[in-house]
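Enquirer: What follows is a structure written as structure tokens; I'll ask about it next.
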Amino acid sequence: MSSPTERSLSYVEALQEAVAQEMERDESVFVIGLNVDDHKAIQGTTQGLIDTFGPQRVMDTPLSEDAITGICIGAAMAGMRPVHVHIRMDFLMLCMNQLVNMAAKAHYMYAGQVSVPMVSRSIIGKSWGQGAQHSQGLHSMFMHVPGLKVVAPTNAYDAKGCMTAAIRDNNPVIFVEHRLLYSTDAPVPVEPYTVEFGKARISGQGTDITLVGVSYMLVECLAARDLLAEVGISAEVIDPVSLMPLDVDTIAASAEKTGRLLVVDNAWTAAGASAEIVAAVCERQAGTPLIVSRMGYAPTTCPTTPALEKGFYPNAATIASRAHAMVRPNDPAWVPDVEPTLPHEAAFRGPF
Amino acid sequence: MSSPTERSLSYVEALQEAVAQEMERDESVFVIGLNVDDHKAIQGTTQGLIDTFGPQRVMDTPLSEDAITGICIGAAMAGMRPVHVHIRMDFLMLCMNQLVNMAAKAHYMYAGQVSVPMVSRSIIGKSWGQGAQHSQGLHSMFMHVPGLKVVAPTNAYDAKGCMTAAIRDNNPVIFVEHRLLYSTDAPVPVEPYTVEFGKARISGQGTDITLVGVSYMLVECLAARDLLAEVGISAEVIDPVSLMPLDVDTIAASAEKTGRLLVVDNAWTAAGASAEIVAAVCERQAGTPLIVSRMGYAPTTCPTTPALEKGFYPNAATIASRAHAMVRPNDPAWVPDVEPTLPHEAAFRGPF
Amino acid sequence: MLSDLVSNSPFLGEVMSGNIPADPAIIARVYRSLRLIRRTEEEIARIYPSDKIKSPVHLSIGQEAVAVGVCDVLGDDDVMSATYRGHAAYLAKGGDLRQMMAELFGKAGGGAKGKAGSMHLVDMKANVLGMSAVVGTTIPIAAGYAFALGREGQGETERRITACFFGDGATEEGVFSETLNFAALHKLPVLFVCENNGFAIHSPLSNRWATEALCERVATYGIPTHSLDRDDVFTIRETAQKAADEIRHGGGPQFIECKTYRWREHVGPGEDYDDSYRNRADLEPWQARDQIKLTGDMLDAGERQAIDDEIETAIADAIQFAEDSPWPDPEELFNHVFAD
Amino acid sequence: MLSDLVSNSPFLGEVMSGNIPADPAIIARVYRSLRLIRRTEEEIARIYPSDKIKSPVHLSIGQEAVAVGVCDVLGDDDVMSATYRGHAAYLAKGGDLRQMMAELFGKAGGGAKGKAGSMHLVDMKANVLGMSAVVGTTIPIAAGYAFALGREGQGETERRITACFFGDGATEEGVFSETLNFAALHKLPVLFVCENNGFAIHSPLSNRWATEALCERVATYGIPTHSLDRDDVFTIRETAQKAADEIRHGGGPQFIECKTYRWREHVGPGEDYDDSYRNRADLEPWQARDQIKLTGDMLDAGERQAIDDEIETAIADAIQFAEDSPWPDPEELFNHVFAD
Ligand SMILES: Cc1ncc(C[n+]2csc(CCOP(=O)(O)OP(=O)(O)O)c2C)c(N)n1
Ligand SMILES: Cc1ncc(C[n+]2csc(CCOP(=O)(O)OP(=O)(O)O)c2C)c(N)n1
Ligand SMILES: [Mg+2]
Ligand SMILES: [Mg+2]
């Protein structure tokens, strides 16, 4: 029997536990967002909170993302710690003004007279026809604006630790959750703990090329690593975990070692996180030749039909293929002969 | 006497002329935005339009950026060509949902059944205490989203040609205008003409380093080039003109020639246009050592006081200094002894 | 005569409000439209578990009357805008059934070649504006289209109009208020129609609305409003007819709020009365007034059967069309990012 | 007695509405506040051409009575939120004058060390929430602060309240409607105050509002509203007093719309009656009711002089403080990006 501190939790359970423990620990924490209190409980991530903490601390809202974000900012300035839930990251576009012009700036603009400790949870969709407006990973926009922190944990352990850290953080944190990670399990300690922002993880060691996978793309990068191993290429896989602050040191050190850097984002590449990572690493290379590349969403809107969606996202095979071309530029192109769909993804069924 | 087609116009006059000519040429063009019809005429850029075209085609609006953007999208789908004016780029944060989730996606999502020919003019402020919320260059966010075009002309000639092209374009175009460019003059043909998007300009040739200046930073880069020339460094200066599409070819060719690339954006660097340009160029360097660097806003909110604002923006001296360090890494650091303020900027006075 | 039938039918008189149209063709047309929608969605629900339709479907089963009552008074060249819960409005406005089904199947024969799916249906040939999965976003766009129609119709006695459907939840978004103000200020030819089914996903009005005085609020913009406390199709039609006429003649926007009820789960093919946020008993009064049954009962049996048969054929044909339609070519991914 | 004076003064009775307070200390306090604001802004306008103040200033000259009437009934621990046109509200709520002046000068002694400038004044010691240059953005934030105050005051008979000022233009932003709905739904202790000066920059209401039925609209959320067609300080004070009391005791939000008039240009120190969007004649009735003059006339000459002198001293001191204050250290640029 595993000890209680070594039990395994899903990403969903880990998020739920982190929030529940912080609510227990600190009266000022509350959860707010459309349908956070219903029987579906945001895919289970707010499960039971309404029963334990009641409707004053687990609040359903009108469809008013902009005002609710402002309400959270005001409440945060007054000392509360809101966790605002958006069931799609796409909906953050409705509250950009509050996030960019107020949340990010208040502490600075008012020279420290207030702070804005709040978390904006935002979920990224994929597959089953999420389509144009329910699939966007828009974290790059938030990385751009000083004053916001952005984290995108890729496993249950980091999900709990980052959520705990985000709630305790005295700044606005954009918390990026990919739906396909929700069902993944990992050992998660029972006790509350924090995962420090700004520390990347080496998720798999290697010597020939560095793969950086953002959010769900970390999973695809790890699968690509396995495929690459089969053809004798050793890939090091890095999970940045937090995007702002970003641990350039770890990534640059790996890239220096392998001489090749492929950044795969769960987002478009143009002026995105992948551009930032590549540029930041290249700025540090004082003349050392380094081969770099980026992958991400196709430079298109996301199509609904699976026939086209397939081509929209990078996957283990396309990542491995690109990595192979970077490591062995003179070999013929190689595309591993595998289904582009990983088991978690295949297990995910609609409608929602 | 110069021929009429060679007369000089200010950036303001060039914008005004482009819009007036397109309104003359095409009945479906209209101008909409708060105060476009008043005596200040958006710093003169809409001067006289209300008299010539009347209140139906030059429309004041309520403060409702989100709805007005949607109104423009709907009108554009129906065949009109709105030019929506925002006196600060910061206010685009209020209509991100319409711009990102609808304008950018409609043509694709509806497989070509509609198109959205509209222009969002957005002005960037600087100096005289514009402060945190009136100074942001947020073009990078729009570069990130497929379906949007982004242009940032830096002189009166391009201002007219890009505006004409933007109005005629069948896609949503984010038109970025820096206030400090408004008073600058250039020869501008009388006849309507378009400046093609996706073609960078070499604004000054050189051999030792490539400087790319986005929006107003082009002016600072040109001034830096003069300073560098004094110490024997030859800088090539490139004006991307349009950011999406982006002319990576021209920039990469220059960088390959000089071996050094410094991108200076009128914006933050993190996941910004400067990251995109550096990353895109580095992806093309198959092992050729290239020294790259980025400059932009300090990674802070913009402070109001001139005492701190000074440090917030790159200027000719800091750009020259950085370039010098890149070209002569073994020399002691060099900061040219000049005022950080260029003449246009010094001429600019508040309050507005 | 149908009107005789009606006046002779105290049962109908009790459950159905509004004037039954004198013209039997209208009744038949309305019935046909209602039934086409219901049956199409029932078929979608039937097919759904096969995973042939891989996109979230938000069925309007139970709510058909709002779309049908309003769209029945629109001309072909009037324009209609709706939401991700848009099958009903799409079909009521005359959207292509084959293309819709192929779109749901993600096939190249879809109206948007599979790029749109259920949530973003579009058919500009039928003046069905593209729908959106982001609540409230289409409201200003519909008004903007009406803005253009208003310009085009200037000086004419009649102009084309836009009908804009949205849910109760959408009225909470700021853009709704902004749009009302602009539409009223510029007298845009737009008919706003709020399908108030009492829920946003599972959230009841009481969690979201400070008061239920929506019509009173809209009226403060100077917009004539019509509050319907149940979704009787002929009341809706009559209301929409009068409103549309006034809008068409330059009277500016009008607003209808119609109470209705979603019979199925928020998204997906099933029911969800065991899911704690509502009870089957809530459904019963709505089901008792099922507009399809009631309008069908007004027709004679033969006529009705003919319509029903025709509908089944059309649906079967559309499904077959969708099945037979090829997948979009992989290259299609890169089309339509930018318009030429 | 002042009240005698007033009832003896048909002139005052004519131009001033509302009950003149019986307590002479209140009149003196209100006068002091009004005059402090007016004189401070006049000094800012005087200094402005020297370029010592390098940030856009939006003067409230002429509009002081709204801020003063409302803030006079707030306790020190009540909270106040205002806009970029916020000098009046800042001072009326007891914001630090020295820090304000140093802030305008961009000096380290400013409340925000020069980072804020005129448009983002803040003084949390006086419970002055930070202001914003993006119209409407502070409305939900003020409500959010009130949300926290409501929680803190739960079970108490009285709770702290937030007063939230904004202009007529701000009511057009969707976030205003969204906030009203949420505030009413959750009975937040917030007093919304719309300073309706008829313009957004140079745009008149007629270009922006479909109707002027703002109070009627707000009332549909179940929010008690008060429409004041002129800015008589004691009417405002009385209205605010009653509203604040009810809010304090758990009655939920209230709303005041007060007509007022901006005497100077939208931004900057000057006047703009030659700029075609309005006439000096429009100003005259407002100037005739100048609240500073009227309240000053209620005081006896000696008391008034003492107040005036004290104000001049305070302003001179604040300007001197600003002059003497050092520039912020360049390193300050990098402070406060993130809170620890
Ligand atoms: C802006 C936005 N916020 C939240 C959502 C998530 N969401 C999808 S449907 C829905 C319910 C909307 O309710 P309503 O407008 O009443 O329409 P109904 O589904 O009842 O037809 C919500 C909240 C969304 N799609 N868009
Ligand atoms: C969201 C937004 N849109 C536009 C502007 C430009 N702007 C600055 S002040 C102002 C007028 C606002 O009018 P009102 O709310 O009535 O306040 P007033 O200036 O009259 O006090 C406008 C439109 C802005 N600052 N923010
Ligand atoms: Mg609903
Ligand atoms: Mg105003």
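Residue numbers start at 1 in each chain; chains themselves are named A, B, ... in the order of the structure tokens; ligands are numbered from 1 in the order shown.
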Mind listing the residues within 9 Å of ligand 3, only C-alpha atoms and all ligand atoms counted, as a short mmCIF file (atom, residue, chain, number, x, y, z; two decimals) with all heavy atoms, in the first residue's frame?

Expert:
data_model
loop_
_atom_site.label_atom_id
_atom_site.label_comp_id
_atom_site.auth_asym_id
_atom_site.auth_seq_id
_atom_site.Cartn_x
_atom_site.Cartn_y
_atom_site.Cartn_z
N PHE C 166 -30.86 35.58 -29.46
CA PHE C 166 -29.85 35.31 -28.42
C PHE C 166 -30.57 34.83 -27.17
O PHE C 166 -31.79 34.99 -27.05
CB PHE C 166 -29.02 36.56 -28.12
CG PHE C 166 -29.84 37.80 -27.96
CD1 PHE C 166 -30.40 38.11 -26.74
CD2 PHE C 166 -30.10 38.63 -29.04
CE1 PHE C 166 -31.19 39.24 -26.59
CE2 PHE C 166 -30.89 39.76 -28.90
CZ PHE C 166 -31.44 40.08 -27.67
N GLY C 167 -29.82 34.27 -26.25
CA GLY C 167 -30.40 33.73 -25.03
C GLY C 167 -30.48 34.74 -23.90
O GLY C 167 -29.98 35.86 -24.00
N ASP C 168 -31.10 34.32 -22.82
CA ASP C 168 -31.17 35.19 -21.63
C ASP C 168 -29.78 35.51 -21.12
O ASP C 168 -29.53 36.63 -20.66
CB ASP C 168 -32.01 34.53 -20.54
CG ASP C 168 -31.68 33.06 -20.33
OD1 ASP C 168 -31.95 32.25 -21.25
OD2 ASP C 168 -31.14 32.70 -19.27
N GLY C 169 -28.89 34.55 -21.19
CA GLY C 169 -27.54 34.78 -20.68
C GLY C 169 -26.82 35.89 -21.44
O GLY C 169 -26.07 36.68 -20.86
N ALA C 170 -27.06 35.96 -22.71
CA ALA C 170 -26.37 36.94 -23.54
C ALA C 170 -26.70 38.38 -23.12
O ALA C 170 -25.90 39.29 -23.31
CB ALA C 170 -26.74 36.73 -25.02
N CYS C 194 -34.94 37.78 -27.68
CA CYS C 194 -34.31 37.05 -26.57
C CYS C 194 -35.09 35.78 -26.31
O CYS C 194 -36.27 35.82 -25.94
CB CYS C 194 -34.28 37.92 -25.32
SG CYS C 194 -33.60 37.06 -23.90
N GLU C 195 -34.44 34.65 -26.50
CA GLU C 195 -35.03 33.34 -26.18
C GLU C 195 -34.70 33.05 -24.71
O GLU C 195 -33.65 32.54 -24.40
CB GLU C 195 -34.42 32.25 -27.07
CG GLU C 195 -34.63 32.49 -28.55
CD GLU C 195 -33.87 31.49 -29.42
OE1 GLU C 195 -32.63 31.60 -29.52
OE2 GLU C 195 -34.50 30.59 -29.99
N ASN C 196 -35.62 33.41 -23.85
CA ASN C 196 -35.36 33.26 -22.42
C ASN C 196 -35.82 31.89 -21.94
O ASN C 196 -36.98 31.68 -21.62
CB ASN C 196 -36.08 34.38 -21.65
CG ASN C 196 -35.80 34.31 -20.16
OD1 ASN C 196 -35.22 33.33 -19.67
ND2 ASN C 196 -36.21 35.32 -19.43
N ASN C 197 -34.86 30.98 -21.88
CA ASN C 197 -35.17 29.62 -21.41
C ASN C 197 -34.81 29.43 -19.95
O ASN C 197 -34.81 28.32 -19.44
CB ASN C 197 -34.48 28.57 -22.31
CG ASN C 197 -32.96 28.68 -22.24
OD1 ASN C 197 -32.42 29.38 -21.39
ND2 ASN C 197 -32.27 27.98 -23.14
N GLY C 198 -34.49 30.52 -19.29
CA GLY C 198 -34.31 30.46 -17.85
C GLY C 198 -32.96 29.94 -17.36
O GLY C 198 -32.67 29.99 -16.17
N PHE C 199 -32.15 29.46 -18.28
CA PHE C 199 -30.86 28.91 -17.86
C PHE C 199 -29.72 29.39 -18.75
O PHE C 199 -29.91 29.62 -19.96
CB PHE C 199 -30.87 27.37 -17.93
CG PHE C 199 -31.74 26.73 -16.89
CD1 PHE C 199 -32.99 26.23 -17.23
CD2 PHE C 199 -31.31 26.64 -15.58
CE1 PHE C 199 -33.81 25.65 -16.27
CE2 PHE C 199 -32.12 26.06 -14.61
CZ PHE C 199 -33.39 25.57 -14.95
N ALA C 200 -28.56 29.52 -18.15
CA ALA C 200 -27.31 29.62 -18.89
C ALA C 200 -26.52 28.39 -18.45
O ALA C 200 -26.07 28.31 -17.30
CB ALA C 200 -26.56 30.90 -18.56
N ILE C 201 -26.40 27.46 -19.34
CA ILE C 201 -25.91 26.12 -18.98
C ILE C 201 -26.82 25.62 -17.85
O ILE C 201 -28.00 25.40 -18.11
CB ILE C 201 -24.40 26.09 -18.66
CG1 ILE C 201 -23.61 26.77 -19.84
CG2 ILE C 201 -23.92 24.64 -18.50
CD1 ILE C 201 -22.10 26.66 -19.77
N HIS C 202 -26.32 25.55 -16.61
CA HIS C 202 -27.22 25.10 -15.53
C HIS C 202 -27.57 26.22 -14.57
O HIS C 202 -28.21 25.99 -13.54
CB HIS C 202 -26.56 23.95 -14.77
CG HIS C 202 -25.97 22.92 -15.67
ND1 HIS C 202 -24.63 22.64 -15.72
CD2 HIS C 202 -26.55 22.14 -16.62
CE1 HIS C 202 -24.40 21.72 -16.65
NE2 HIS C 202 -25.53 21.40 -17.22
N SER C 203 -27.13 27.40 -14.88
CA SER C 203 -27.30 28.50 -13.94
C SER C 203 -28.67 29.15 -14.14
O SER C 203 -29.01 29.62 -15.22
CB SER C 203 -26.17 29.51 -14.21
OG SER C 203 -26.39 30.68 -13.48
N PRO C 204 -29.47 29.17 -13.08
CA PRO C 204 -30.81 29.76 -13.21
C PRO C 204 -30.75 31.29 -13.24
O PRO C 204 -29.78 31.88 -12.78
CB PRO C 204 -31.53 29.28 -11.95
CG PRO C 204 -30.43 29.13 -10.95
CD PRO C 204 -29.20 28.69 -11.72
N LEU C 205 -31.79 31.89 -13.73
CA LEU C 205 -31.86 33.36 -13.76
C LEU C 205 -31.57 33.97 -12.40
O LEU C 205 -30.94 35.01 -12.29
CB LEU C 205 -33.26 33.82 -14.19
CG LEU C 205 -33.61 33.79 -15.67
CD1 LEU C 205 -34.93 34.51 -15.88
CD2 LEU C 205 -32.52 34.44 -16.50
N THR C 260 -39.28 30.51 -22.92
CA THR C 260 -39.33 29.22 -23.59
C THR C 260 -38.62 28.21 -22.69
O THR C 260 -38.27 28.55 -21.55
CB THR C 260 -38.70 29.32 -25.01
OG1 THR C 260 -38.81 28.07 -25.67
CG2 THR C 260 -37.25 29.74 -24.96
N TYR C 261 -38.45 27.00 -23.18
CA TYR C 261 -37.87 25.98 -22.30
C TYR C 261 -37.04 25.01 -23.12
O TYR C 261 -37.48 24.52 -24.16
CB TYR C 261 -38.98 25.23 -21.55
CG TYR C 261 -38.46 24.51 -20.32
CD1 TYR C 261 -38.09 25.23 -19.18
CD2 TYR C 261 -38.31 23.13 -20.30
CE1 TYR C 261 -37.60 24.58 -18.06
CE2 TYR C 261 -37.82 22.48 -19.18
CZ TYR C 261 -37.47 23.21 -18.06
OH TYR C 261 -36.98 22.58 -16.94
N ARG C 262 -35.84 24.76 -22.65
CA ARG C 262 -34.95 23.80 -23.30
C ARG C 262 -35.25 22.42 -22.76
O ARG C 262 -35.09 22.18 -21.57
CB ARG C 262 -33.49 24.23 -23.03
CG ARG C 262 -32.43 23.20 -23.28
CD ARG C 262 -31.02 23.76 -23.26
NE ARG C 262 -30.59 24.38 -22.01
CZ ARG C 262 -30.33 23.73 -20.87
NH1 ARG C 262 -30.47 22.42 -20.80
NH2 ARG C 262 -29.94 24.39 -19.80
N HIS C 266 -28.02 21.06 -21.86
CA HIS C 266 -27.46 22.27 -22.47
C HIS C 266 -26.71 21.95 -23.75
O HIS C 266 -26.90 22.59 -24.78
CB HIS C 266 -26.50 22.96 -21.49
CG HIS C 266 -25.64 24.01 -22.12
ND1 HIS C 266 -26.16 25.19 -22.58
CD2 HIS C 266 -24.32 24.03 -22.43
CE1 HIS C 266 -25.19 25.91 -23.13
NE2 HIS C 266 -24.06 25.23 -23.04
#

Enquirer: Can you list, as a PyMOL selection string, all residues belonging to segment 104-327 of chain B that DSSP tags as helix (DSSP H, G or I)?

Expert: chain B and resi 106-109+139-143+156-168+179-181+217-230+248-258+273-284+306-312+316-327

Enquirer: Please list as a list in words every residue within 10 Å of Arg248 of chain D, counting only C-alpha atoms and excluding residues in the same chain fewer than 5 positions away.

Expert: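 Within the cut-off, the hits are Asp78, Gly150, Gly153, Glu156, Thr157, Glu158, Arg159, Arg160, Ile161, Thr162, Leu188, Pro189, Val190, Leu191, Lys242, Ala243 and Pro253 of chain D.
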
Enquirer: Keeping only N, CA, C and O atoms, take the residues you just selected and write them out as a PDB file, in the first residue's frame.

Expert:
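After the write, result_23.pdb holds the following:
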ATOM      1  N   ASP D  78     -14.879  54.825   4.891  1.00  0.00           N
ATOM      2  CA  ASP D  78     -15.559  54.516   3.637  1.00  0.00           C
ATOM      3  C   ASP D  78     -14.558  54.718   2.496  1.00  0.00           C
ATOM      4  O   ASP D  78     -13.538  55.399   2.662  1.00  0.00           O
ATOM      5  N   GLY D 150     -18.733  44.461   2.015  1.00  0.00           N
ATOM      6  CA  GLY D 150     -19.994  43.817   2.386  1.00  0.00           C
ATOM      7  C   GLY D 150     -19.741  42.535   3.153  1.00  0.00           C
ATOM      8  O   GLY D 150     -20.403  42.252   4.167  1.00  0.00           O
ATOM      9  N   GLY D 153     -18.544  43.379   6.576  1.00  0.00           N
ATOM     10  CA  GLY D 153     -19.570  43.988   7.426  1.00  0.00           C
ATOM     11  C   GLY D 153     -20.759  43.096   7.682  1.00  0.00           C
ATOM     12  O   GLY D 153     -21.753  43.530   8.282  1.00  0.00           O
ATOM     13  N   GLU D 156     -22.991  42.847  10.867  1.00  0.00           N
ATOM     14  CA  GLU D 156     -22.975  44.167  11.522  1.00  0.00           C
ATOM     15  C   GLU D 156     -24.242  44.926  11.105  1.00  0.00           C
ATOM     16  O   GLU D 156     -24.786  44.687  10.037  1.00  0.00           O
ATOM     17  N   THR D 157     -24.656  45.867  11.935  1.00  0.00           N
ATOM     18  CA  THR D 157     -25.778  46.705  11.483  1.00  0.00           C
ATOM     19  C   THR D 157     -25.302  47.690  10.425  1.00  0.00           C
ATOM     20  O   THR D 157     -26.018  48.008   9.496  1.00  0.00           O
ATOM     21  N   GLU D 158     -24.087  48.168  10.600  1.00  0.00           N
ATOM     22  CA  GLU D 158     -23.566  49.115   9.621  1.00  0.00           C
ATOM     23  C   GLU D 158     -22.343  48.545   8.937  1.00  0.00           C
ATOM     24  O   GLU D 158     -21.535  47.864   9.554  1.00  0.00           O
ATOM     25  N   ARG D 159     -22.220  48.853   7.687  1.00  0.00           N
ATOM     26  CA  ARG D 159     -20.994  48.428   7.010  1.00  0.00           C
ATOM     27  C   ARG D 159     -20.370  49.630   6.310  1.00  0.00           C
ATOM     28  O   ARG D 159     -21.018  50.633   6.056  1.00  0.00           O
ATOM     29  N   ARG D 160     -19.101  49.478   6.004  1.00  0.00           N
ATOM     30  CA  ARG D 160     -18.423  50.506   5.213  1.00  0.00           C
ATOM     31  C   ARG D 160     -18.993  50.471   3.800  1.00  0.00           C
ATOM     32  O   ARG D 160     -19.443  49.434   3.338  1.00  0.00           O
ATOM     33  N   ILE D 161     -18.949  51.613   3.167  1.00  0.00           N
ATOM     34  CA  ILE D 161     -19.477  51.646   1.802  1.00  0.00           C
ATOM     35  C   ILE D 161     -18.429  52.221   0.847  1.00  0.00           C
ATOM     36  O   ILE D 161     -17.447  52.835   1.269  1.00  0.00           O
ATOM     37  N   THR D 162     -18.672  51.998  -0.430  1.00  0.00           N
ATOM     38  CA  THR D 162     -17.832  52.573  -1.478  1.00  0.00           C
ATOM     39  C   THR D 162     -18.668  53.558  -2.285  1.00  0.00           C
ATOM     40  O   THR D 162     -19.794  53.237  -2.670  1.00  0.00           O
ATOM     41  N   LEU D 188     -24.528  44.892  -3.077  1.00  0.00           N
ATOM     42  CA  LEU D 188     -23.231  45.427  -2.650  1.00  0.00           C
ATOM     43  C   LEU D 188     -23.393  46.834  -2.073  1.00  0.00           C
ATOM     44  O   LEU D 188     -24.197  47.621  -2.565  1.00  0.00           O
ATOM     45  N   PRO D 189     -22.611  47.148  -1.066  1.00  0.00           N
ATOM     46  CA  PRO D 189     -22.698  48.481  -0.447  1.00  0.00           C
ATOM     47  C   PRO D 189     -21.950  49.526  -1.262  1.00  0.00           C
ATOM     48  O   PRO D 189     -20.867  49.968  -0.882  1.00  0.00           O
ATOM     49  N   VAL D 190     -22.537  49.904  -2.363  1.00  0.00           N
ATOM     50  CA  VAL D 190     -21.859  50.859  -3.237  1.00  0.00           C
ATOM     51  C   VAL D 190     -22.838  51.935  -3.683  1.00  0.00           C
ATOM     52  O   VAL D 190     -23.988  51.658  -4.015  1.00  0.00           O
ATOM     53  N   LEU D 191     -22.358  53.155  -3.639  1.00  0.00           N
ATOM     54  CA  LEU D 191     -23.137  54.297  -4.117  1.00  0.00           C
ATOM     55  C   LEU D 191     -22.535  54.725  -5.447  1.00  0.00           C
ATOM     56  O   LEU D 191     -21.404  55.211  -5.505  1.00  0.00           O
ATOM     57  N   LYS D 242     -28.889  60.252   2.610  1.00  0.00           N
ATOM     58  CA  LYS D 242     -29.980  59.287   2.740  1.00  0.00           C
ATOM     59  C   LYS D 242     -29.586  57.968   2.050  1.00  0.00           C
ATOM     60  O   LYS D 242     -29.770  56.875   2.598  1.00  0.00           O
ATOM     61  N   ALA D 243     -29.045  58.096   0.865  1.00  0.00           N
ATOM     62  CA  ALA D 243     -28.645  56.899   0.125  1.00  0.00           C
ATOM     63  C   ALA D 243     -27.580  56.127   0.902  1.00  0.00           C
ATOM     64  O   ALA D 243     -27.674  54.910   1.090  1.00  0.00           O
ATOM     65  N   PRO D 253     -27.058  48.644  -3.399  1.00  0.00           N
ATOM     66  CA  PRO D 253     -26.552  49.817  -4.100  1.00  0.00           C
ATOM     67  C   PRO D 253     -27.612  50.879  -4.379  1.00  0.00           C
ATOM     68  O   PRO D 253     -28.795  50.580  -4.445  1.00  0.00           O
TER      69      PRO D 253
END

Enquirer: Output as a ChimeraX atom specification the set of chain A residues within 10 Å of chain C, with distances taken over only C-alpha atoms.

Expert: /A:34-40,59-67,88,90-91,94,127-134,298-312,349-352

Enquirer: Using only C-alpha atoms and a distance of at most 8 Å, pull out the residues of chain B that contact chain A, as a PyMOL selection string.

Expert: chain B and resi 90-91+93-97+100-101+105+108-109+132-133+140-141+143-147+268-276+278-280+282-283+285-294+299-301+303

Enquirer: How many Å lie between atom CA of Asp324 of chain D and atom CA of Arg98 of chain D, rounded to one decimal?

Expert: 11.0 Å

Enquirer: Show which residues sit within 9 Å of Ser227 of chain C, as a list in words. Count only C-alpha atoms, and ignore same-chain residues fewer than 3 positions away.

Expert: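 Counting only the stated atoms, we get Leu214, Cys215, Phe255, Ile256, Glu257, Cys258 and Lys259 of chain C.
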
Enquirer: Just checking: using only C-alpha atoms and all ligand atoms, which residue out of C:Thr138, C:Gln287, C:Ser17, C:Gln241 ends up closest to ligand 1?

Expert: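 Of all the options, C:Thr138 lies closest to ligand 1.
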
Enquirer: Tell me as a PyMOL selection string which residues belonging to chain D come within 6 Å of chain C, counting only C-alpha atoms.

Expert: chain D and resi 174-175+178+181+184-185+210-211+213+217+220-221

Enquirer: Set the distance at 9 Å and use only C-alpha atoms: which residues neighbour segment 154-161 of chain A once local chain neighbours fewer than 3 positions away are removed? I'd like the list as a count of residues only.

Expert: 38

Enquirer: Enumerate, as JSON, numbers by chain, the complete set of residues in segment 57-302 of chain D that a backbone-based DSSP assignment places in strand (DSSP E).

Expert: {"D": [79, 80, 81, 162, 163, 164, 165, 166, 167, 190, 191, 192, 193, 194, 195, 196, 199, 200, 203, 204, 225, 226, 227, 228, 254, 255, 256, 257, 258, 259]}

Enquirer: Tell me, as a PyMOL selection string, which residues lie within 8 Å of Ile251 of chain B, counting only C-alpha atoms; anything in the same chain fewer than 2 positions away does not count.

Expert: chain B and resi 200+210+212+238+247-249+253-255+281

Enquirer: Give me a file of those residues, with C-alpha atoms, as a PDB file, in the first residue's frame.

Expert:
ATOM      1  CA  ALA B 200      10.130  45.721 -45.450  1.00  0.00           C
ATOM      2  CA  THR B 210      21.167  45.178 -38.771  1.00  0.00           C
ATOM      3  CA  VAL B 212      15.116  46.707 -37.135  1.00  0.00           C
ATOM      4  CA  ILE B 238      15.194  48.157 -41.614  1.00  0.00           C
ATOM      5  CA  ASP B 247       8.913  40.346 -44.504  1.00  0.00           C
ATOM      6  CA  VAL B 248      11.346  37.963 -42.873  1.00  0.00           C
ATOM      7  CA  ASP B 249      13.270  37.557 -46.118  1.00  0.00           C
ATOM      8  CA  ALA B 253      19.147  38.654 -45.738  1.00  0.00           C
ATOM      9  CA  SER B 254      20.421  41.769 -44.024  1.00  0.00           C
ATOM     10  CA  ALA B 255      21.221  39.896 -40.830  1.00  0.00           C
ATOM     11  CA  VAL B 281      15.513  35.007 -38.503  1.00  0.00           C
TER      12      VAL B 281
END

Enquirer: Quick one: residues within 9 Å of Arg35 of chain D, only C-alpha atoms counted, chain neighbours fewer than 2 positions away excluded, as a list in words?

Expert: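 Returned residues: Val30, Tyr31, Arg32, Ser33, Ile37, Arg38, Arg39, Thr40, Glu64, Ile292, Lys293, Gly296, Ile307, Asp308 and Ile311 of chain D.
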